[in-house]
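Next comes work_37.cif, a file with mmCIF, C-alpha atoms and all ligand atoms.
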```cif
data_entry
#
loop_
_atom_site.label_atom_id
_atom_site.label_comp_id
_atom_site.auth_asym_id
_atom_site.auth_seq_id
_atom_site.Cartn_x
_atom_site.Cartn_y
_atom_site.Cartn_z
CA MET X 1 1.99 -23.72 -0.95
CA GLY X 2 0.37 -26.32 1.33
CA LEU X 3 -2.36 -28.72 0.24
CA LEU X 4 -5.04 -26.89 2.24
CA ASP X 5 -4.05 -23.53 0.66
CA LYS X 6 -4.23 -25.14 -2.80
CA LEU X 7 -7.64 -26.60 -2.07
CA VAL X 8 -9.06 -23.32 -0.78
CA LEU X 9 -7.60 -21.40 -3.72
CA ALA X 10 -9.10 -23.89 -6.19
CA THR X 11 -12.50 -23.44 -4.54
CA LEU X 12 -12.48 -19.62 -4.44
CA PRO X 13 -13.78 -19.02 -8.01
CA ALA X 14 -16.76 -21.29 -7.30
CA ILE X 15 -17.91 -19.39 -4.20
CA PRO X 16 -21.03 -17.36 -5.09
CA ARG X 17 -20.42 -13.63 -5.45
CA PRO X 18 -22.63 -12.46 -2.54
CA ILE X 19 -20.82 -14.79 -0.13
CA MET X 20 -17.37 -13.71 -1.35
CA ARG X 21 -18.54 -10.09 -1.13
CA ARG X 22 -19.48 -10.59 2.51
CA PHE X 23 -16.03 -11.99 3.32
CA ALA X 24 -14.27 -9.25 1.34
CA ALA X 25 -16.36 -6.50 2.97
CA ARG X 26 -14.01 -6.28 5.90
CA TYR X 27 -11.02 -5.47 3.69
CA ILE X 28 -12.57 -3.75 0.66
CA ALA X 29 -14.65 -0.56 0.98
CA GLY X 30 -16.98 -1.46 -1.89
CA GLU X 31 -17.25 -1.03 -5.63
CA THR X 32 -17.78 2.74 -5.89
CA VAL X 33 -16.07 5.95 -4.85
CA ASP X 34 -19.17 6.80 -2.80
CA GLU X 35 -18.65 3.70 -0.68
CA ALA X 36 -14.96 4.52 -0.25
CA LEU X 37 -15.81 8.08 0.82
CA GLU X 38 -18.32 6.78 3.37
CA HIS X 39 -15.58 4.62 4.90
CA LEU X 40 -13.13 7.54 4.88
CA ALA X 41 -15.66 9.81 6.59
CA SER X 42 -16.39 7.25 9.29
CA LEU X 43 -12.66 6.64 9.83
CA ALA X 44 -12.10 10.41 10.01
CA ALA X 45 -14.74 10.61 12.74
CA ARG X 46 -12.63 8.10 14.69
CA GLY X 47 -9.47 10.17 14.18
CA HIS X 48 -7.95 8.31 11.22
CA PRO X 49 -6.85 9.98 7.97
CA GLY X 50 -6.95 7.77 4.88
CA VAL X 51 -5.37 6.50 1.70
CA ILE X 52 -7.44 5.72 -1.41
CA ASP X 53 -6.64 2.82 -3.69
CA ILE X 54 -8.68 1.85 -6.73
CA LEU X 55 -8.27 -1.89 -7.22
CA GLY X 56 -6.55 -2.70 -10.48
CA GLU X 57 -3.17 -3.58 -11.94
CA ASP X 58 -1.53 -4.82 -15.11
CA VAL X 59 -3.85 -3.03 -17.52
CA GLU X 60 -3.69 -4.37 -21.06
CA SER X 61 -4.53 -1.21 -22.99
CA GLU X 62 -3.91 2.52 -22.92
CA ALA X 63 -7.67 3.05 -22.69
CA GLU X 64 -7.79 1.05 -19.43
CA ALA X 65 -4.91 3.09 -18.02
CA ARG X 66 -6.65 6.36 -18.95
CA ALA X 67 -9.86 5.10 -17.33
CA ALA X 68 -7.87 4.45 -14.14
CA LEU X 69 -6.58 8.04 -14.25
CA ALA X 70 -10.15 9.33 -14.59
CA GLY X 71 -11.17 7.27 -11.53
CA TYR X 72 -8.29 8.62 -9.46
CA ARG X 73 -8.92 12.23 -10.53
CA ASP X 74 -12.53 11.87 -9.52
CA ALA X 75 -11.54 10.34 -6.17
CA ALA X 76 -9.07 13.18 -5.46
CA ASP X 77 -11.69 15.81 -6.37
CA ARG X 78 -14.32 14.18 -4.18
CA VAL X 79 -11.90 13.93 -1.22
CA ALA X 80 -11.21 17.67 -1.57
CA ARG X 81 -14.90 18.55 -1.84
CA GLN X 82 -15.66 16.60 1.34
CA LYS X 83 -12.61 18.17 3.03
CA LEU X 84 -11.26 14.75 4.01
CA ASP X 85 -7.63 14.10 4.88
CA ALA X 86 -6.80 11.34 2.37
CA TYR X 87 -4.42 10.83 -0.54
CA VAL X 88 -4.46 8.61 -3.62
CA SER X 89 -2.04 5.69 -3.99
CA ILE X 90 -1.56 4.09 -7.40
CA LYS X 91 0.04 0.91 -8.70
CA PRO X 92 2.33 1.75 -11.65
CA THR X 93 0.98 -1.12 -13.77
CA HIS X 94 -2.54 0.28 -13.25
CA PHE X 95 -1.26 3.36 -15.10
CA GLY X 96 0.27 1.21 -17.85
CA LEU X 97 3.91 0.94 -16.72
CA ARG X 98 4.30 -2.43 -18.45
CA LEU X 99 2.84 -1.06 -21.69
CA SER X 100 4.92 2.12 -21.76
CA PRO X 101 6.89 3.94 -19.05
CA ASP X 102 6.16 7.20 -20.89
CA LEU X 103 2.42 6.58 -20.68
CA ALA X 104 2.70 5.90 -16.93
CA HIS X 105 4.76 9.08 -16.52
CA GLU X 106 2.18 11.13 -18.41
CA LEU X 107 -0.73 9.79 -16.32
CA TYR X 108 1.02 10.21 -12.95
CA SER X 109 2.05 13.74 -13.99
CA GLU X 110 -1.51 14.67 -14.86
CA LEU X 111 -2.81 13.28 -11.58
CA LEU X 112 -0.04 14.92 -9.55
CA GLU X 113 -0.78 18.28 -11.14
CA ARG X 114 -4.42 17.94 -10.13
CA CYS X 115 -3.46 16.80 -6.62
CA ARG X 116 -1.09 19.75 -6.30
CA GLU X 117 -3.94 22.15 -7.16
CA LEU X 118 -6.03 20.43 -4.49
CA GLY X 119 -3.23 20.55 -1.91
CA GLN X 120 -2.99 16.76 -1.89
CA PHE X 121 -0.22 14.19 -1.87
CA ALA X 122 -0.13 11.02 -4.03
CA ARG X 123 1.96 7.87 -3.89
CA VAL X 124 3.58 5.57 -6.45
CA GLU X 125 3.19 2.03 -5.09
CA MET X 126 5.67 -0.80 -5.54
CA GLU X 127 4.87 -4.09 -7.24
CA ASP X 128 6.88 -7.24 -7.89
CA HIS X 129 10.61 -7.25 -8.64
CA THR X 130 10.12 -7.21 -12.42
CA THR X 131 8.80 -3.64 -12.17
CA ILE X 132 11.13 -2.13 -9.59
CA ASP X 133 13.79 -0.51 -11.81
CA ALA X 134 11.11 1.06 -14.00
CA THR X 135 9.12 2.23 -10.96
CA LEU X 136 12.14 3.85 -9.30
CA ALA X 137 13.07 5.54 -12.59
CA LEU X 138 9.49 6.79 -12.91
CA PHE X 139 9.54 8.12 -9.35
CA ALA X 140 12.88 9.90 -9.90
CA ARG X 141 11.45 11.63 -12.99
CA LEU X 142 8.27 12.65 -11.16
CA ARG X 143 10.16 13.82 -8.08
CA GLU X 144 12.10 16.31 -10.21
CA ARG X 145 8.85 18.17 -10.92
CA PHE X 146 6.61 17.34 -7.97
CA ASP X 147 6.97 17.78 -4.19
CA ASN X 148 3.68 16.03 -3.53
CA VAL X 149 4.74 12.53 -4.62
CA GLY X 150 5.99 9.62 -2.51
CA ILE X 151 7.14 6.05 -3.12
CA VAL X 152 7.04 2.60 -1.48
CA LEU X 153 10.03 0.39 -0.65
CA GLN X 154 10.02 -3.28 0.38
CA SER X 155 12.25 -4.64 3.15
CA ARG X 156 11.96 -8.18 1.75
CA LEU X 157 14.24 -7.24 -1.15
CA LEU X 158 18.01 -7.39 -0.69
CA ARG X 159 18.48 -4.32 -2.89
CA THR X 160 16.45 -1.88 -0.81
CA LEU X 161 19.25 -0.25 1.21
CA ASP X 162 20.99 0.54 -2.09
CA ASP X 163 17.72 1.86 -3.51
CA ILE X 164 17.44 4.20 -0.50
CA ASP X 165 20.95 5.51 -1.15
CA ALA X 166 20.04 6.04 -4.82
CA LEU X 167 16.99 8.15 -3.94
CA GLY X 168 19.36 11.10 -3.82
CA GLU X 169 19.56 14.13 -1.61
CA VAL X 170 15.98 15.35 -1.85
CA ALA X 171 13.91 14.08 1.09
CA SER X 172 10.62 12.36 0.26
CA ASP X 173 7.76 10.62 2.01
CA VAL X 174 8.51 6.90 1.74
CA ARG X 175 6.12 4.11 2.68
CA MET X 176 8.14 1.24 4.13
CA VAL X 177 6.54 -2.23 3.80
CA LYS X 178 7.68 -5.82 4.14
CA GLY X 179 6.57 -6.50 0.54
CA ILE X 180 3.53 -8.48 -0.45
CA TYR X 181 5.06 -10.36 -3.39
CA LEU X 182 6.93 -13.58 -2.67
CA GLU X 183 10.22 -13.13 -4.47
CA PRO X 184 13.00 -15.61 -5.44
CA PRO X 185 15.56 -16.28 -2.67
CA GLU X 186 18.39 -14.97 -4.88
CA ILE X 187 17.02 -11.44 -4.53
CA ALA X 188 14.97 -11.47 -1.35
CA HIS X 189 14.98 -12.41 2.31
CA THR X 190 12.73 -15.38 2.87
CA ASP X 191 12.94 -15.61 6.65
CA ALA X 192 10.35 -13.57 8.59
CA GLN X 193 12.88 -12.32 11.15
CA ALA X 194 15.32 -11.25 8.43
CA ILE X 195 12.51 -9.28 6.73
CA ARG X 196 11.73 -7.56 10.06
CA ASP X 197 15.39 -6.75 10.73
CA ALA X 198 15.73 -5.35 7.21
CA PHE X 199 12.60 -3.22 7.80
CA LEU X 200 14.32 -1.71 10.82
CA ALA X 201 17.62 -1.17 8.97
CA CYS X 202 15.86 0.43 5.98
CA THR X 203 13.82 2.72 8.24
CA GLU X 204 16.97 3.79 10.05
CA ARG X 205 18.66 4.63 6.71
CA LEU X 206 15.57 6.57 5.58
CA PHE X 207 15.60 8.58 8.82
CA GLN X 208 19.34 9.26 8.45
CA ARG X 209 18.75 10.60 4.95
CA GLY X 210 15.99 12.94 6.11
CA HIS X 211 12.97 11.16 4.66
CA THR X 212 9.56 10.96 6.29
CA VAL X 213 8.49 7.34 6.75
CA ALA X 214 5.04 5.81 6.57
CA LEU X 215 5.47 2.67 8.66
CA ALA X 216 3.05 0.34 6.87
CA THR X 217 2.84 -2.72 9.08
CA HIS X 218 0.52 -4.54 11.48
CA ASP X 219 3.41 -6.31 13.17
CA GLU X 220 3.16 -5.04 16.73
CA HIS X 221 6.59 -6.19 17.83
CA LEU X 222 8.27 -4.62 14.81
CA ALA X 223 6.27 -1.41 15.33
CA GLY X 224 7.57 -1.19 18.90
CA ARG X 225 11.16 -1.51 17.61
CA LEU X 226 10.50 1.18 14.98
CA LEU X 227 9.12 3.63 17.53
CA ARG X 228 12.10 3.01 19.83
CA LEU X 229 14.45 3.57 16.89
CA ALA X 230 12.78 6.91 16.10
CA ALA X 231 12.98 7.97 19.76
CA ASP X 232 16.64 6.85 20.14
CA ARG X 233 17.67 8.74 16.98
CA GLY X 234 15.70 11.84 18.02
CA VAL X 235 13.53 11.71 14.88
CA ASP X 236 10.71 14.24 15.16
CA ALA X 237 7.24 12.69 15.45
CA SER X 238 6.17 14.59 12.31
CA ARG X 239 8.58 12.38 10.31
CA HIS X 240 6.84 9.05 10.92
CA TYR X 241 3.32 7.69 11.04
CA PHE X 242 1.61 4.33 10.70
CA GLU X 243 -0.31 3.11 7.68
CA VAL X 244 -2.63 0.13 8.02
CA LEU X 245 -5.02 -1.83 5.82
CA LEU X 246 -8.78 -1.48 6.24
CA GLY X 247 -10.09 -4.28 8.46
CA VAL X 248 -6.70 -5.51 9.68
CA GLN X 249 -5.75 -5.45 13.38
CA GLU X 250 -8.00 -2.57 14.47
CA PRO X 251 -7.25 -2.86 18.21
CA LEU X 252 -3.64 -2.11 17.31
CA TRP X 253 -4.58 1.11 15.49
CA ASN X 254 -6.37 2.32 18.59
CA ARG X 255 -3.42 1.60 20.84
CA TRP X 256 -1.04 3.41 18.50
CA ARG X 257 -3.38 6.39 18.14
CA GLN X 258 -3.96 6.64 21.86
CA SER X 259 -0.21 6.80 22.39
CA GLY X 260 -0.03 9.83 20.07
CA ASN X 261 0.75 8.30 16.67
CA THR X 262 -1.05 9.11 13.44
CA VAL X 263 -2.61 5.97 11.93
CA ARG X 264 -3.62 6.37 8.30
CA VAL X 265 -5.99 3.71 6.94
CA TYR X 266 -5.71 2.32 3.40
CA VAL X 267 -9.14 2.05 1.82
CA PRO X 268 -9.26 -0.03 -1.39
CA TYR X 269 -12.34 -0.10 -3.60
CA GLY X 270 -13.36 -0.92 -7.15
CA LEU X 271 -15.26 -3.23 -9.42
CA HIS X 272 -12.41 -5.72 -9.69
CA TRP X 273 -12.29 -6.65 -6.00
CA ARG X 274 -12.90 -10.33 -6.59
CA ALA X 275 -10.25 -10.97 -9.25
CA TYR X 276 -7.84 -8.76 -7.34
CA SER X 277 -8.30 -10.58 -4.02
CA GLN X 278 -7.90 -13.98 -5.67
CA ARG X 279 -4.74 -12.95 -7.50
CA ARG X 280 -3.25 -11.58 -4.27
CA MET X 281 -4.02 -14.80 -2.40
CA LYS X 282 -2.45 -16.86 -5.16
CA LYS X 283 0.73 -14.77 -5.11
CA ASN X 284 1.08 -14.94 -1.35
CA PRO X 285 -0.76 -17.72 0.54
CA GLU X 286 0.02 -15.92 3.82
CA ILE X 287 -2.77 -13.46 2.90
CA LEU X 288 -5.14 -16.36 2.44
CA ARG X 289 -4.28 -17.58 5.93
CA HIS X 290 -4.79 -14.05 7.38
CA VAL X 291 -8.21 -13.86 5.70
CA MET X 292 -9.18 -17.35 6.84
CA ARG X 293 -8.18 -16.48 10.40
CA GLY X 294 -10.22 -13.28 10.10
CA MET X 295 -13.30 -15.30 9.15
CA LEU X 296 -13.15 -17.44 12.26
CA PRO X 297 -15.30 -16.32 15.17
CA TRP X 298 -12.42 -16.53 17.69
C1 LIG Z 1 -0.98 0.82 3.94
C2 LIG Z 1 -0.26 -0.32 3.30
C3 LIG Z 1 0.18 -0.21 1.99
C4 LIG Z 1 0.89 -1.24 1.39
N1 LIG Z 1 1.42 -1.07 0.13
C5 LIG Z 1 2.21 -2.03 -0.40
C6 LIG Z 1 2.88 -1.86 -1.64
O1 LIG Z 1 2.78 -0.82 -2.30
N2 LIG Z 1 3.66 -2.87 -2.12
C7 LIG Z 1 3.82 -4.04 -1.42
O2 LIG Z 1 4.56 -4.91 -1.87
N3 LIG Z 1 3.18 -4.25 -0.24
C8 LIG Z 1 2.40 -3.29 0.27
N4 LIG Z 1 1.77 -3.50 1.48
C9 LIG Z 1 1.73 -4.87 2.06
C10 LIG Z 1 2.94 -5.17 2.93
O3 LIG Z 1 4.06 -5.35 2.11
C11 LIG Z 1 2.70 -6.47 3.74
O4 LIG Z 1 2.48 -7.54 2.87
C12 LIG Z 1 1.52 -6.42 4.68
O5 LIG Z 1 1.46 -5.18 5.33
C13 LIG Z 1 1.62 -7.51 5.75
O6 LIG Z 1 2.80 -7.36 6.48
P1 LIG Z 1 2.87 -6.84 8.02
O7 LIG Z 1 4.05 -5.95 8.12
O8 LIG Z 1 1.57 -6.29 8.42
O9 LIG Z 1 3.27 -8.11 8.84
P2 LIG Z 1 2.67 -9.58 8.94
O10 LIG Z 1 3.63 -10.30 9.81
O11 LIG Z 1 2.38 -10.13 7.58
O12 LIG Z 1 1.31 -9.33 9.67
C14 LIG Z 1 1.22 -8.96 11.03
C15 LIG Z 1 -0.15 -9.40 11.52
O13 LIG Z 1 -1.15 -8.61 10.84
C16 LIG Z 1 -2.20 -9.41 10.31
N5 LIG Z 1 -2.32 -9.19 8.88
C17 LIG Z 1 -1.38 -8.71 8.05
N6 LIG Z 1 -1.84 -8.58 6.78
C18 LIG Z 1 -3.13 -9.01 6.81
C19 LIG Z 1 -4.16 -9.13 5.81
N7 LIG Z 1 -3.97 -8.78 4.53
N8 LIG Z 1 -5.38 -9.62 6.21
C20 LIG Z 1 -5.59 -9.96 7.50
N9 LIG Z 1 -4.66 -9.87 8.48
C21 LIG Z 1 -3.43 -9.41 8.16
C22 LIG Z 1 -1.91 -10.83 10.69
O14 LIG Z 1 -2.70 -11.20 11.79
C23 LIG Z 1 -0.45 -10.85 11.12
O15 LIG Z 1 -0.22 -11.71 12.17
C24 LIG Z 1 1.10 -2.46 2.10
C25 LIG Z 1 0.65 -2.57 3.42
C26 LIG Z 1 0.01 -1.53 4.03
C27 LIG Z 1 -0.42 -1.65 5.47
#
```
Would you give me this structure, written as structure tokens?
Ligand SMILES: Cc1cc2nc3c(=O)[nH]c(=O)nc-3n(C[C@H](O)[C@H](O)[C@H](O)COP(=O)(O)OP(=O)(O)OC[C@H]3O[C@@H](n4cnc5c(N)ncnc54)[C@H](O)[C@@H]3O)c2cc1C
Amino acid sequence: MGLLDKLVLATLPAIPRPIMRRFAARYIAGETVDEALEHLASLAARGHPGVIDILGEDVESEAEARAALAGYRDAADRVARQKLDAYVSIKPTHFGLRLSPDLAHELYSELLERCRELGQFARVEMEDHTTIDATLALFARLRERFDNVGIVLQSRLLRTLDDIDALGEVASDVRMVKGIYLEPPEIAHTDAQAIRDAFLACTERLFQRGHTVALATHDEHLAGRLLRLAADRGVDASRHYFEVLLGVQEPLWNRWRQSGNTVRVYVPYGLHWRAYSQRRMKKNPEILRHVMRGMLPW
């Protein structure tokens, strides 16, 4: 981490809440489900389906995990009532994975049952490498009972091609990402081009194995390579779509949509936006640089 990054990070907690809120507003829908639904409705009017994420991770008690479930159930119900095209996406440690894999399994199962009744999908997200084995085991257990569940895989990690092979014969909806957590070089690519190349290789393997792929990236050059790969391999357009983060690279979404691609927008909200944003920036200073660039008027 450079000196400037360190300085900015050290200053973040001292920035008054209203000012931080203004900066975060571009990336975070707000503190309540109502605010998230307003964003989803306005995105829907512009032709974008959505993804709902309640900010939170690493809960320290079962009560916190159960409160997260209640929030997600409410969000799924409200999406259905408003007839929006959006699904919920949950970090395993928000549902208590680190406390007890059985607790996380119980909470995901309850949510997935509700989503199934509502005709909705839901996704298990992927966190840092210390959680990956437990998350993949959780997903495998859920996938045995639920068709409406998907997973996330990270191209940064050297293990991901093997993880794709281990997903088994049943096709799923997999979100492919570069990976937001900076991981040790023994287990991860550290070079940006290697991470891109691995993204392409992982997507190709996912296509070969019949999965549908949510291409979650704002990297225009990589996206072009991914679309060419899909076309060259004759992968039906229904088996891939883009997923993007609220507030990031909007002109790109429009170009992709105008050329016939679905672009789903990830809408995070919740009371813990400040702590969450700061933790993310600390874990990966590249995000801090993206945000700082986003604040500049040019
Ligand atoms: C819908 C969605 C869900 C995700 N879920 C997960 C997950 O479950 N687990 C996980 O590890 N990672 C997840 N990620 C994050 C992902 O791993 C990457 O860290 C992130 O997408 C940035 O990589 P990129 O492919 O966009 O390429 P980059 O090369 O990082 O970015 C391309 C360009 O996009 C812009 N940009 C990218 N990110 C931001 C940002 N945050 N703010 C402002 N500008 C930005 C920059 O201008 C940059 O030049 C998710 C990403 C998306 C889009």
Inset, instruction - Skip Glu220 (chain X) itself and residues of its chain fewer than 3 positions away, then list as a PyMOL selection string all residues within 12 Å of it, counting only C-alpha atoms. - result: chain X and resi 196+215-217+223-227+242+244+249-253+255-256
Inset, instruction - Record the distance separating CA of Arg264 (chain X) and CA of Leu40 (chain X), expressed in Å with one decimal. - result: 10.2 Å
Inset, instruction - Would you list the contacts of His48 (chain X) as an MDAnalysis selection string, taking every protein, DNA or RNA residue within 8 Å and counting all atoms listed in the file, but skipping same-chain residues closer than 6 positions in sequence? - result: chainID X and resid 262:265
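For the set X:Leu158, X:Leu97, X:Val79, X:Val174, the residue with the smallest atom-to-atom gap to Ala137 (chain X) is X:Leu97, counting all atoms listed in the file.
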Report as CSV the residues of chain X within 6 Å of ligand LIG 1 (chain Z), each with its shortest atom pair and distance in Å (one decimal), using all atoms listed in the file, ordered by chain and increasing residue number.
```
residue,atom,partner,partner_atom,distance
X:Glu125,CA,Z:LIG1,O1,4.0
X:Met126,CA,Z:LIG1,O1,4.3
X:Glu127,CA,Z:LIG1,N2,5.4
X:Val152,CA,Z:LIG1,O1,5.5
X:Val177,CA,Z:LIG1,O3,4.3
X:Lys178,CA,Z:LIG1,O3,4.2
X:Gly179,CA,Z:LIG1,O3,3.2
X:Ile180,CA,Z:LIG1,O4,3.6
X:Tyr181,CA,Z:LIG1,O2,5.7
X:Ala216,CA,Z:LIG1,C27,4.2
X:Thr217,CA,Z:LIG1,O7,3.6
X:His218,CA,Z:LIG1,O8,3.7
X:Asp219,CA,Z:LIG1,C14,4.0
X:Glu243,CA,Z:LIG1,C1,4.4
X:Val244,CA,Z:LIG1,C27,3.8
X:Leu245,CA,Z:LIG1,C27,4.6
X:Val248,CA,Z:LIG1,N9,5.0
X:Tyr266,CA,Z:LIG1,C1,5.0
X:Ile287,CA,Z:LIG1,N7,5.1
X:His290,CA,Z:LIG1,C20,4.2
X:Val291,CA,Z:LIG1,C20,5.0
```
Residues of the last selection are to be written out with C-alpha atoms, as a PDB file, keeping the file's coordinate frame.
```
ATOM      1  CA  GLU X 125       3.190   2.030  -5.090  1.00  0.00           C
ATOM      2  CA  MET X 126       5.670  -0.800  -5.540  1.00  0.00           C
ATOM      3  CA  GLU X 127       4.870  -4.090  -7.240  1.00  0.00           C
ATOM      4  CA  VAL X 152       7.040   2.600  -1.480  1.00  0.00           C
ATOM      5  CA  VAL X 177       6.540  -2.230   3.800  1.00  0.00           C
ATOM      6  CA  LYS X 178       7.680  -5.820   4.140  1.00  0.00           C
ATOM      7  CA  GLY X 179       6.570  -6.500   0.540  1.00  0.00           C
ATOM      8  CA  ILE X 180       3.530  -8.480  -0.450  1.00  0.00           C
ATOM      9  CA  TYR X 181       5.060 -10.360  -3.390  1.00  0.00           C
ATOM     10  CA  ALA X 216       3.050   0.340   6.870  1.00  0.00           C
ATOM     11  CA  THR X 217       2.840  -2.720   9.080  1.00  0.00           C
ATOM     12  CA  HIS X 218       0.520  -4.540  11.480  1.00  0.00           C
ATOM     13  CA  ASP X 219       3.410  -6.310  13.170  1.00  0.00           C
ATOM     14  CA  GLU X 243      -0.310   3.110   7.680  1.00  0.00           C
ATOM     15  CA  VAL X 244      -2.630   0.130   8.020  1.00  0.00           C
ATOM     16  CA  LEU X 245      -5.020  -1.830   5.820  1.00  0.00           C
ATOM     17  CA  VAL X 248      -6.700  -5.510   9.680  1.00  0.00           C
ATOM     18  CA  TYR X 266      -5.710   2.320   3.400  1.00  0.00           C
ATOM     19  CA  ILE X 287      -2.770 -13.460   2.900  1.00  0.00           C
ATOM     20  CA  HIS X 290      -4.790 -14.050   7.380  1.00  0.00           C
ATOM     21  CA  VAL X 291      -8.210 -13.860   5.700  1.00  0.00           C
TER      22      VAL X 291
END
```
Inset, instruction - Can you work out the spacing between CA of Ala25 (chain X) and CA of Glu57 (chain X) in Å, to one decimal? - result: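 Value for the CA of Ala25 (chain X)-CA of Glu57 (chain X) distance: 20.1 Å.
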Legend entry - Nearest candidate to Asn254 (chain X) (options X:Arg233, X:Arg46, X:Arg21, X:Arg78; using only C-alpha atoms):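 Distance minimum relative to Asn254 (chain X) lands on X:Arg46.
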Legend entry - Nearby residues (only C-alpha atoms) at most 7 Å from region 199-206 of chain X, same-chain spacing under 3 positions excluded, as a VMD selection string: chain X and resid 155 161 164 178 195 to 196 209 to 211 226
Legend entry - Residue among X:Phe121, X:Tyr269, X:Phe139, X:Tyr108 lying closest to Asp53 (chain X), counting all atoms listed in the file: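 Counting all atoms listed in the file, the residue closest to Asp53 (chain X) is X:Tyr269.
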Legend entry - Among listed residues X:Gln193, X:Thr135, X:Asn261, X:Ser172, nearest Gly96 (chain X) (using only C-alpha atoms): X:Thr135
Inset, instruction - Kindly indicate which residue among X:Gln208, X:Ala198, X:Arg143, X:Ala192 lies nearest to Arg159 (chain X), using all atoms listed in the file for the distances. - result: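 Closest candidate: X:Ala198.
With CA of Asn148 (chain X) on one side and CA of Pro49 (chain X) on the other, the separation reads 16.7 Å.
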Legend entry - Shortest interatomic distance to Ala76 (chain X) - which of X:Gly119, X:Pro92, X:Gly168, X:Pro184, counting only C-alpha atoms: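 Smallest distance to Ala76 (chain X) is found for X:Gly119.
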Legend entry - Point (14.5, -13.3, 0.7) neighbourhood (10 Å, only C-alpha atoms) written as a list of chain:residue names: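 Protein, DNA and RNA residues close to (14.5, -13.3, 0.7): X:Ser155, X:Arg156, X:Leu157, X:Leu158, X:Leu182, X:Glu183, X:Pro184, X:Pro185, X:Glu186, X:Ile187, X:Ala188, X:His189, X:Thr190, X:Asp191, X:Ala192, X:Ala194, X:Ile195.
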Using all atoms of region 156-171 of chain X listed in the file and a margin of 8 Å per side, can you give the axis-aligned box centre and edge lengths in Å to one decimal, as AutoDock Vina command-line options?
```
--center_x 16.5 --center_y 3.6 --center_z -1.5 --size_x 25.0 --size_y 39.5 --size_z 22.6
```
Contact table region 83-150 of chain X vs region 69-72 of chain X, cut-off 12 Å, shortest pair per residue, all atoms listed in the file, as a tab-separated table:
```
residue	atom	partner	partner_atom	distance
X:Tyr87	CA	X:Tyr72	CA	10.0
X:Val88	CA	X:Tyr72	CA	7.0
X:Ser89	CA	X:Tyr72	CA	8.8
X:Ile90	CA	X:Tyr72	CA	8.4
X:Lys91	CA	X:Leu69	CA	11.2
X:Pro92	CA	X:Leu69	CA	11.2
X:Thr93	CA	X:Leu69	CA	11.9
X:His94	CA	X:Leu69	CA	8.8
X:Phe95	CA	X:Leu69	CA	7.1
X:Gly96	CA	X:Leu69	CA	10.3
X:Leu103	CA	X:Leu69	CA	11.2
X:Ala104	CA	X:Leu69	CA	9.9
X:His105	CA	X:Leu69	CA	11.6
X:Glu106	CA	X:Leu69	CA	10.2
X:Leu107	CA	X:Leu69	CA	6.4
X:Tyr108	CA	X:Leu69	CA	8.0
X:Ser109	CA	X:Leu69	CA	10.3
X:Glu110	CA	X:Leu69	CA	8.4
X:Leu111	CA	X:Leu69	CA	7.0
X:Leu112	CA	X:Tyr72	CA	10.4
X:Arg114	CA	X:Tyr72	CA	10.1
X:Cys115	CA	X:Tyr72	CA	9.9
X:Ala122	CA	X:Tyr72	CA	10.1
X:Arg123	CA	X:Tyr72	CA	11.7
```
Restore N, CA and C atoms in region 204-214 of chain X and list the result as an mmCIF file, keeping the file's coordinate frame.
```
data_model
loop_
_atom_site.group_PDB
_atom_site.id
_atom_site.type_symbol
_atom_site.label_atom_id
_atom_site.label_comp_id
_atom_site.auth_asym_id
_atom_site.auth_seq_id
_atom_site.Cartn_x
_atom_site.Cartn_y
_atom_site.Cartn_z
ATOM 1 N N GLU X 204 15.887 2.992 9.469
ATOM 2 C CA GLU X 204 16.970 3.790 10.050
ATOM 3 C C GLU X 204 17.689 4.592 8.954
ATOM 4 N N ARG X 205 17.968 3.931 7.812
ATOM 5 C CA ARG X 205 18.660 4.630 6.710
ATOM 6 C C ARG X 205 17.788 5.767 6.177
ATOM 7 N N LEU X 206 16.474 5.510 6.077
ATOM 8 C CA LEU X 206 15.570 6.570 5.580
ATOM 9 C C LEU X 206 15.587 7.767 6.527
ATOM 10 N N PHE X 207 15.539 7.481 7.842
ATOM 11 C CA PHE X 207 15.600 8.580 8.820
ATOM 12 C C PHE X 207 16.911 9.355 8.664
ATOM 13 N N GLN X 208 18.023 8.585 8.564
ATOM 14 C CA GLN X 208 19.340 9.260 8.450
ATOM 15 C C GLN X 208 19.373 10.199 7.254
ATOM 16 N N ARG X 209 18.696 9.797 6.190
ATOM 17 C CA ARG X 209 18.750 10.600 4.950
ATOM 18 C C ARG X 209 17.653 11.649 4.894
ATOM 19 N N GLY X 210 16.929 11.822 6.006
ATOM 20 C CA GLY X 210 15.990 12.940 6.110
ATOM 21 C C GLY X 210 14.590 12.692 5.587
ATOM 22 N N HIS X 211 14.312 11.435 5.201
ATOM 23 C CA HIS X 211 12.970 11.160 4.660
ATOM 24 C C HIS X 211 11.937 11.046 5.788
ATOM 25 N N THR X 212 10.688 11.264 5.410
ATOM 26 C CA THR X 212 9.560 10.960 6.290
ATOM 27 C C THR X 212 9.129 9.530 5.975
ATOM 28 N N VAL X 213 8.783 8.750 7.010
ATOM 29 C CA VAL X 213 8.490 7.340 6.750
ATOM 30 C C VAL X 213 7.085 6.967 7.192
ATOM 31 N N ALA X 214 6.321 6.423 6.245
ATOM 32 C CA ALA X 214 5.040 5.810 6.570
ATOM 33 C C ALA X 214 5.336 4.361 6.925
#
```
